[in-house]
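Some notes on the structure that comes next.
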Amino acid sequence: LIEKTIYAVAVEDKKPAHTGELFVIEPGRLTVVALDGYRLAIIKRDVECTRDIRIIIPAKTLQELLKIIGGPDEPVKIDANRRYVEGEFLNYESVIPKESRTKVVIDCKSFIDTLERASLIITDRLKNPLRISFAEDRVTVRCQTPLGKVVDEFAPVSMEGDAVEIGFNNRYLLDALRFSKCEKMVLEINGPLSPVKLLPEDGKDFIYLVLPVRFKNEG
């Protein structure tokens, strides 16, 4: 749960709550949420629960927890004292797109390899976005910085809906694909300026959102 979401926690934020993860525990369900204003990670699991708990746990605390808790199958008990519940978390459900005009299934390794090649000409000083076109028979990744120009492409597993071109921060997209630990993912897109939803192929377990980057020539 933590490993699949903690990458999206804000490092610095005007709202200290966003430098931690939100744990929402309710009868039978645990929801963990992390966000930083540019991306969002939500994961849900079935749990045994005796009372409702809603807490924000700092990312540093969670990193320490990862070092000491047992394996993935060992039980963990969460309890909370109300005195330690701090901060207001964004109403994350309101930012999740309810519909999509384009749905693309991609092989994660092919997409990661392509993004990594394009990212070779991106540096901390030269942070140009990736320009990614999704079409029926190919996904094309373009990037241009003073270091050069890259055009690379691969075939999607499948695609339905409108062809679309979107700008992305390369690191935000790579993080989502890497931390998903999936072989295939579904990208649900609702136009070039709407948050892109990334889901596992079976549509369960987690939701990632990545905000697109507006191209300069689009005002």
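Every chain in the structure tokens has a letter given in the order shown (A, B, ...), and although residue numbers restart at 1 in each chain, ligands are simply numbered from 1 in the order shown.
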
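Near Arg39 in chain A, within 9 Å and counting only C-alpha atoms, sit Ala8, Val9, Ala34, Leu35, Asp36, Tyr172, Ala176, Pro195, Tyr208, Leu209, Val210 and Leu211 of chain A, not including residues fewer than 3 positions from it in the same chain.
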
*asked:* I need the alpha helix (DSSP H) residues of range 8-192 of chain A per DSSP on the backbone, written as a VMD selection string.
replied: chain A and resid 59 to 68 108 to 119 170 to 180

*What are the DSSP strand (DSSP E) residues of range 15-161 of chain A, as a ChimeraX atom specification?*
/A:20-26,29-35,39-46,53-58,102-107,130-134,139-145,148-154,158-161

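Residues with any atom within 10 Å of Ser194 in chain A, counting only C-alpha atoms and excluding same-chain neighbours fewer than 4 positions away, are Val95, Ile96, Pro97, Ser100, Ile166, Ile189, Asn190, Leu209, Val210, Leu211, Pro212 and Val213 of chain A.
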
Might you pull out every residue within 6 Å of Thr102 in chain A, with only C-alpha atoms counted and same-chain residues fewer than 6 positions away left off, and present them as a PDB file with C-alpha atoms, in the first residue's frame?
```
ATOM      1  CA  GLU A 160     -10.583   3.122 -28.404  1.00  0.00           C
ATOM      2  CA  GLY A 161     -11.950   6.639 -28.723  1.00  0.00           C
ATOM      3  CA  ASP A 162     -10.449   9.905 -29.969  1.00  0.00           C
ATOM      4  CA  GLU A 188      -8.193   6.987 -19.538  1.00  0.00           C
ATOM      5  CA  ILE A 189      -7.978  10.406 -21.183  1.00  0.00           C
TER       6      ILE A 189
END
```

_Selected residue, from A:Lys216, A:Leu187, A:Val76, A:Asn169, that lies nearest to Glu99 in chain A when counting only C-alpha atoms_ = A:Leu187

*Using only C-alpha atoms, determine which residues lie at most 6 Å from range 200-206 of chain A, disregarding the query and same-chain residues fewer than 3 positions distant; provide the list as JSON, numbers by chain.*
{"A": [42, 43, 44, 184, 185, 186]}

*Using only C-alpha atoms, determine which residues lie at most 10 Å from Ile2 in chain A, disregarding the query and same-chain residues fewer than 6 positions distant; provide the list as a list of chain:residue names.*
A:Glu21, A:Val32, A:Val33, A:Ala34, A:Ile43, A:Ala59, A:Leu62, A:Gln63, A:Leu65, A:Leu66

Output of the above residues as a CSV table (one decimal), in the first residue's frame, restricted to C-alpha atoms:
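Final output, result_1.csv:
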```csv
chain,number,residue,atom,x,y,z
A,21,GLU,CA,-0.6,10.2,3.3
A,32,VAL,CA,-4.8,5.4,1.2
A,33,VAL,CA,-4.3,8.7,-0.7
A,34,ALA,CA,-1.2,10.7,-1.6
A,43,ILE,CA,-5.3,2.5,-3.4
A,59,ALA,CA,5.7,10.5,4.7
A,62,LEU,CA,5.8,5.9,6.6
A,63,GLN,CA,9.4,5.5,5.2
A,65,LEU,CA,7.6,2.0,9.0
A,66,LEU,CA,8.6,0.4,5.7
```

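For the residues A:Glu88, A:Glu74, A:Asp175, A:Glu183, ranking by smallest atom-to-atom distance to Cys108 in chain A using only C-alpha atoms places A:Glu183 first.
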
*Quick one: distance from CA of Arg29 in chain A to CA of Cys49 in chain A in Å, one decimal?*
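Between CA of Arg29 in chain A and CA of Cys49 in chain A the gap is 7.7 Å.
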
*How many Å lie between CA of Val24 in chain A and CA of Lys103 in chain A, rounded to one decimal?*
29.2 Å

*Extract, using only C-alpha atoms, all DNA, RNA and protein residues at most 12 Å from Lys77 in chain A, discarding same-chain residues fewer than 4 positions from it, and format them as an MDAnalysis selection string.*
chainID A and resid 25 30 47:50 69:70

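Considering the residues A:Ala17, A:Leu177, A:Leu193, A:Val141 and counting only C-alpha atoms, Ile55 in chain A has its shortest atom-to-atom contact with A:Ala17.
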
_Using only C-alpha atoms for the distances, tell me which of A:Thr19, A:Thr123, A:Thr114, A:Ser180 is nearest to Ile57 in chain A._
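Ranked by minimum distance to Ile57 in chain A, first place goes to A:Thr19.
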
_Nearest-residue call for Asp152 in chain A, choices A:Lys109, A:Lys4, A:Lys181, A:Arg117, using only C-alpha atoms_ =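 Among the listed residues, the smallest separation from Asp152 in chain A belongs to A:Arg117.
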
_Pick from A:Thr140, A:Thr145, A:Thr31, A:Ser133 nearest to Glu93 in chain A, counting only C-alpha atoms_ =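 Closest residue, counting only C-alpha atoms: A:Thr31.
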